[in-house]
Amino acid sequence: MQTRGYAAQSANTPLAPFQFERRSLGDRDVQISIDFCGICHSDIHFARNEWGMTTFPCVPGHEIIGRVEKTGKDVKKFKPGQRVGVGCFVNSCRKCASCKSGNENYCETGFTMTYGSFDTDGKTPTFGGYSNQIVVDKHFVLNVPENLDPAACAPLLCAGITTYSPLRHAGVTKGSRVAVMGLGGLGHMAVKLAASFGAEVTVLSRSPEKKADAIKLGAHEFVLTNVEGALSKLANRYDAILDTISAKHDINGPLGCLKRDGTLMLVGASPETLDLSPFSLIFGRRKVIGSLVGGIPETQEMLDHCGAHNIASDIELTTPEGINEAYERTLKGDVKYRFVIDCTKF
Ligand code: NAP
Ligand code: ZN
Ligand code: ZN
């Protein structure tokens, strides 16, 4: 199927219009016309090959909201016209222990990323949601609550699940004390979700102008981290810290803000290695863990939770022509708090 989108042709050229073929509808497939796609900072890392794993051309986009156009003959769960979502991956082995337990995101043979992987034939590149349509195996298609604004739902498919999953994993609940590092696309969803679980939330940020928003989003406190002595005032305070920062930064100071046995959960994927002093962990038996998006059952659980609690992303809508400017503004932290592309304009 001829598809229109935007692609990066190399790490240092702007994204530009690009036409490509999607596979035709298989028996288990859902054909989706894409309405909206969020711009995740991972798209920028990827399009600019900052993680050293990009093949070009690269059509980014893994925060996809659309409507079902057609379904293959083995698809019963989805009907034409239904609102659906697609997140960061579109296939996995389905046989390993991770896949069998609904943790497809930790597939032991590696899942098929929505973009930047090869399709089941092993040679056709996967292209993402900066496009007008996509064909996806039914297992990787999600139901999206109809009561939420569809454009504002797009970021739930990555920013939402990437913050929901580790917060749940850490047992964040009523009365937990949680800090969120970095108030961007992921960070603002982390604040909304942790607050919806009943946690007391602090935002740790380098940007003073974000204070009022942080409180509006549900944070109880906002601390500027680039002020001398700011973190030492928070020593031994948090059960969990969710670190969403996209570039190299200090984690040893924040680790000192954890209670004994507290956990710093890294989701931000700095291309540069972070420095970790053993003493930051030894004193207080603290932990650092990483977390990668979330499995399909948990992603559906997150979407249902958001539907029930009226939670969606704070977005700025843009057009295909606006993608390159949106990248620059995201890099400057100048977005409240996620760009979403109107994909009906491709
Ligand atoms: P974003 O919207 O650009 O937000 C990142 C925030 O980090 C910024 O708003 C800023 O917050 C802070 N920040 C940025 N550069 C910084 C620096 N040099 N020093 C200190 N703070 C800095 O990005 P995003 O879309 O939320 O993504 C964040 C990171 O998560 C990216 O690396 C992305 O690739 C990664 N990610 C990981 C997963 C996963 O599964 N683990 C999934 C999606 C994304 P303040 O202005 O408040 O300080
Ligand atoms: Zn993402
Ligand atoms: Zn697997």
# chains A, B, ... in the order shown; residues from 1 in each chain; ligands from 1
call {"tool": "residues_near_ligand", "arguments": {"ligand": "ligand 2", "cutoff": "10 Å", "atoms": "only C-alpha atoms and all ligand atoms", "output": "list in words"}}
result
Gly38, Ile39, Cys40, His41, Ser42, Asp43, Ile44, Pro60, Gly61, His62, Glu63, Gly87, Cys88, Pro155, Leu156, Leu157, Cys158, Ala159, Gly160, Ile161, Thr162, Gly185, Leu186, Leu292 and Val293 of chain A
call {"tool": "residues_near_ligand", "arguments": {"ligand": "ligand 3", "cutoff": "7 Å", "atoms": "only C-alpha atoms and all ligand atoms", "output": "list in words"}}
result
Ser92, Cys93, Arg94, Lys95, Cys96, Ala97, Ser98, Cys99, Glu104, Cys107, Glu108, Thr109, Gly110 and Phe111 of chain A
call {"tool": "select_by_dssp", "arguments": {"residues": "range 141-195 of chain A", "states": "helix (DSSP H, G or I)", "output": "number ranges by chain"}}
result
A: 150-157, 159-169, 185-195
call {"tool": "residues_around", "arguments": {"residues": "Asp334 in chain A", "least_positions_apart": "2", "cutoff": "12 Å", "atoms": "only C-alpha atoms", "output": "list in words"}}
result
Leu183, Gly184, Gly185, Ser207, Glu209, Lys210, Ile315, Glu316, Glu325, Ala326, Tyr327, Glu328, Arg329, Thr330, Leu331, Lys332, Lys336, Tyr337, Arg338 and Phe339 of chain A
call {"tool": "residues_around", "arguments": {"residues": "Asn91 in chain A", "least_positions_apart": "5", "cutoff": "8 Å", "atoms": "only C-alpha atoms", "output": "ChimeraX atom specification"}}
result
/A:111-113,137,140
call {"tool": "atom_distance", "arguments": {"atom1": "atom 36 (N, counted along the ligand's line) of ligand 1", "atom2": "CA of Leu204 in chain A"}}
result
17.2 Å
call {"tool": "residues_around", "arguments": {"residues": "Thr244 in chain A", "least_positions_apart": "2", "cutoff": "10 Å", "atoms": "only C-alpha atoms", "output": "ChimeraX atom specification"}}
result
/A:159,162-163,180-188,190,241-242,246-247,265-270
call {"tool": "write_last_selection", "arguments": {"atoms": "N, CA and C atoms", "output": "PDB file, in the first residue's frame"}}
result
ATOM      1  N   ALA A 159       5.000   7.958  26.106  1.00  0.00           N
ATOM      2  CA  ALA A 159       5.270   8.694  27.356  1.00  0.00           C
ATOM      3  C   ALA A 159       4.399   8.157  28.501  1.00  0.00           C
ATOM      4  N   THR A 162       5.580   4.417  29.430  1.00  0.00           N
ATOM      5  CA  THR A 162       6.976   4.403  29.911  1.00  0.00           C
ATOM      6  C   THR A 162       7.077   4.910  31.347  1.00  0.00           C
ATOM      7  N   THR A 163       6.123   5.742  31.761  1.00  0.00           N
ATOM      8  CA  THR A 163       6.150   6.234  33.136  1.00  0.00           C
ATOM      9  C   THR A 163       5.210   5.401  34.030  1.00  0.00           C
ATOM     10  N   VAL A 180      10.094  13.200  40.319  1.00  0.00           N
ATOM     11  CA  VAL A 180      10.204  13.048  38.871  1.00  0.00           C
ATOM     12  C   VAL A 180      11.288  14.001  38.392  1.00  0.00           C
ATOM     13  N   MET A 181      12.309  13.464  37.752  1.00  0.00           N
ATOM     14  CA  MET A 181      13.406  14.307  37.243  1.00  0.00           C
ATOM     15  C   MET A 181      13.157  14.635  35.776  1.00  0.00           C
ATOM     16  N   GLY A 182      13.070  15.944  35.460  1.00  0.00           N
ATOM     17  CA  GLY A 182      12.848  16.392  34.081  1.00  0.00           C
ATOM     18  C   GLY A 182      11.370  16.505  33.778  1.00  0.00           C
ATOM     19  N   LEU A 183      10.907  17.753  33.535  1.00  0.00           N
ATOM     20  CA  LEU A 183       9.476  17.930  33.230  1.00  0.00           C
ATOM     21  C   LEU A 183       9.317  18.161  31.725  1.00  0.00           C
ATOM     22  N   GLY A 184       9.408  17.055  30.975  1.00  0.00           N
ATOM     23  CA  GLY A 184       9.177  17.108  29.531  1.00  0.00           C
ATOM     24  C   GLY A 184       7.986  16.216  29.199  1.00  0.00           C
ATOM     25  N   GLY A 185       8.057  15.575  28.019  1.00  0.00           N
ATOM     26  CA  GLY A 185       6.958  14.703  27.594  1.00  0.00           C
ATOM     27  C   GLY A 185       6.713  13.571  28.570  1.00  0.00           C
ATOM     28  N   LEU A 186       7.767  12.843  28.923  1.00  0.00           N
ATOM     29  CA  LEU A 186       7.611  11.749  29.880  1.00  0.00           C
ATOM     30  C   LEU A 186       7.326  12.301  31.275  1.00  0.00           C
ATOM     31  N   GLY A 187       8.103  13.317  31.669  1.00  0.00           N
ATOM     32  CA  GLY A 187       7.998  13.840  33.028  1.00  0.00           C
ATOM     33  C   GLY A 187       6.594  14.317  33.363  1.00  0.00           C
ATOM     34  N   HIS A 188       5.954  15.032  32.437  1.00  0.00           N
ATOM     35  CA  HIS A 188       4.629  15.571  32.784  1.00  0.00           C
ATOM     36  C   HIS A 188       3.598  14.450  32.899  1.00  0.00           C
ATOM     37  N   ALA A 190       4.439  11.430  34.003  1.00  0.00           N
ATOM     38  CA  ALA A 190       4.795  10.795  35.278  1.00  0.00           C
ATOM     39  C   ALA A 190       4.122  11.520  36.441  1.00  0.00           C
ATOM     40  N   ILE A 241      12.388   7.512  42.636  1.00  0.00           N
ATOM     41  CA  ILE A 241      12.644   8.664  41.762  1.00  0.00           C
ATOM     42  C   ILE A 241      12.585   8.160  40.321  1.00  0.00           C
ATOM     43  N   LEU A 242      11.821   8.847  39.507  1.00  0.00           N
ATOM     44  CA  LEU A 242      11.738   8.476  38.089  1.00  0.00           C
ATOM     45  C   LEU A 242      12.522   9.509  37.291  1.00  0.00           C
ATOM     46  N   SER A 246      16.925  13.439  29.236  1.00  0.00           N
ATOM     47  CA  SER A 246      17.321  12.922  27.916  1.00  0.00           C
ATOM     48  C   SER A 246      18.803  13.089  27.598  1.00  0.00           C
ATOM     49  N   ALA A 247      19.567  13.705  28.498  1.00  0.00           N
ATOM     50  CA  ALA A 247      20.988  13.968  28.228  1.00  0.00           C
ATOM     51  C   ALA A 247      21.805  13.610  29.466  1.00  0.00           C
ATOM     52  N   MET A 265      14.661   5.029  39.118  1.00  0.00           N
ATOM     53  CA  MET A 265      14.255   4.315  37.906  1.00  0.00           C
ATOM     54  C   MET A 265      14.620   5.171  36.705  1.00  0.00           C
ATOM     55  N   LEU A 266      15.543   4.663  35.905  1.00  0.00           N
ATOM     56  CA  LEU A 266      16.015   5.406  34.739  1.00  0.00           C
ATOM     57  C   LEU A 266      15.161   5.053  33.535  1.00  0.00           C
ATOM     58  N   VAL A 267      14.498   6.034  32.986  1.00  0.00           N
ATOM     59  CA  VAL A 267      13.849   5.833  31.683  1.00  0.00           C
ATOM     60  C   VAL A 267      14.470   6.743  30.627  1.00  0.00           C
ATOM     61  N   GLY A 268      14.954   7.904  31.042  1.00  0.00           N
ATOM     62  CA  GLY A 268      15.663   8.792  30.122  1.00  0.00           C
ATOM     63  C   GLY A 268      16.857   8.037  29.552  1.00  0.00           C
ATOM     64  N   ALA A 269      17.102   8.208  28.259  1.00  0.00           N
ATOM     65  CA  ALA A 269      18.093   7.376  27.572  1.00  0.00           C
ATOM     66  C   ALA A 269      19.199   8.254  26.995  1.00  0.00           C
ATOM     67  N   SER A 270      19.993   8.859  27.896  1.00  0.00           N
ATOM     68  CA  SER A 270      21.105   9.704  27.470  1.00  0.00           C
ATOM     69  C   SER A 270      22.049   8.927  26.557  1.00  0.00           C
TER      70      SER A 270
END
call {"tool": "select_by_dssp", "arguments": {"residues": "range 196-251 of chain A", "states": "strand (DSSP E or B)", "output": "number ranges by chain"}}
result
A: 200-205, 221-224, 238-243
call {"tool": "residues_around", "arguments": {"residues": "Ile134 in chain A", "least_positions_apart": "2", "cutoff": "8 Å", "atoms": "only C-alpha atoms", "output": "VMD selection string"}}
result
chain A and resid 22 31 to 34 128 to 129 131 to 132 136
call {"tool": "write_last_selection", "arguments": {"atoms": "N, CA and C atoms", "output": "PDB file, in the first residue's frame"}}
result
ATOM      1  N   ARG A  22       3.617  -0.015   2.446  1.00  0.00           N
ATOM      2  CA  ARG A  22       3.337  -0.852   3.622  1.00  0.00           C
ATOM      3  C   ARG A  22       2.921  -2.226   3.116  1.00  0.00           C
ATOM      4  N   GLN A  31      -5.552  -2.684   9.494  1.00  0.00           N
ATOM      5  CA  GLN A  31      -5.094  -1.517   8.713  1.00  0.00           C
ATOM      6  C   GLN A  31      -5.676  -0.272   9.373  1.00  0.00           C
ATOM      7  N   ILE A  32      -4.794   0.655   9.714  1.00  0.00           N
ATOM      8  CA  ILE A  32      -5.197   1.820  10.514  1.00  0.00           C
ATOM      9  C   ILE A  32      -4.900   3.099   9.744  1.00  0.00           C
ATOM     10  N   SER A  33      -5.893   3.995   9.623  1.00  0.00           N
ATOM     11  CA  SER A  33      -5.556   5.320   9.099  1.00  0.00           C
ATOM     12  C   SER A  33      -5.175   6.182  10.301  1.00  0.00           C
ATOM     13  N   ILE A  34      -3.991   6.767  10.216  1.00  0.00           N
ATOM     14  CA  ILE A  34      -3.425   7.469  11.380  1.00  0.00           C
ATOM     15  C   ILE A  34      -3.974   8.894  11.440  1.00  0.00           C
ATOM     16  N   GLY A 128       7.519   4.240  10.956  1.00  0.00           N
ATOM     17  CA  GLY A 128       6.634   4.612  12.056  1.00  0.00           C
ATOM     18  C   GLY A 128       5.475   5.511  11.701  1.00  0.00           C
ATOM     19  N   GLY A 129       4.996   6.198  12.721  1.00  0.00           N
ATOM     20  CA  GLY A 129       3.715   6.897  12.666  1.00  0.00           C
ATOM     21  C   GLY A 129       3.718   8.285  12.054  1.00  0.00           C
ATOM     22  N   SER A 131       3.151   9.313   9.345  1.00  0.00           N
ATOM     23  CA  SER A 131       2.643   8.824   8.059  1.00  0.00           C
ATOM     24  C   SER A 131       1.119   8.747   8.128  1.00  0.00           C
ATOM     25  N   ASN A 132       0.503   8.447   7.001  1.00  0.00           N
ATOM     26  CA  ASN A 132      -0.967   8.494   6.977  1.00  0.00           C
ATOM     27  C   ASN A 132      -1.637   7.165   7.285  1.00  0.00           C
ATOM     28  N   VAL A 136      -0.749  -3.337  11.207  1.00  0.00           N
ATOM     29  CA  VAL A 136      -0.157  -3.894  12.428  1.00  0.00           C
ATOM     30  C   VAL A 136      -0.876  -5.183  12.822  1.00  0.00           C
TER      31      VAL A 136
END
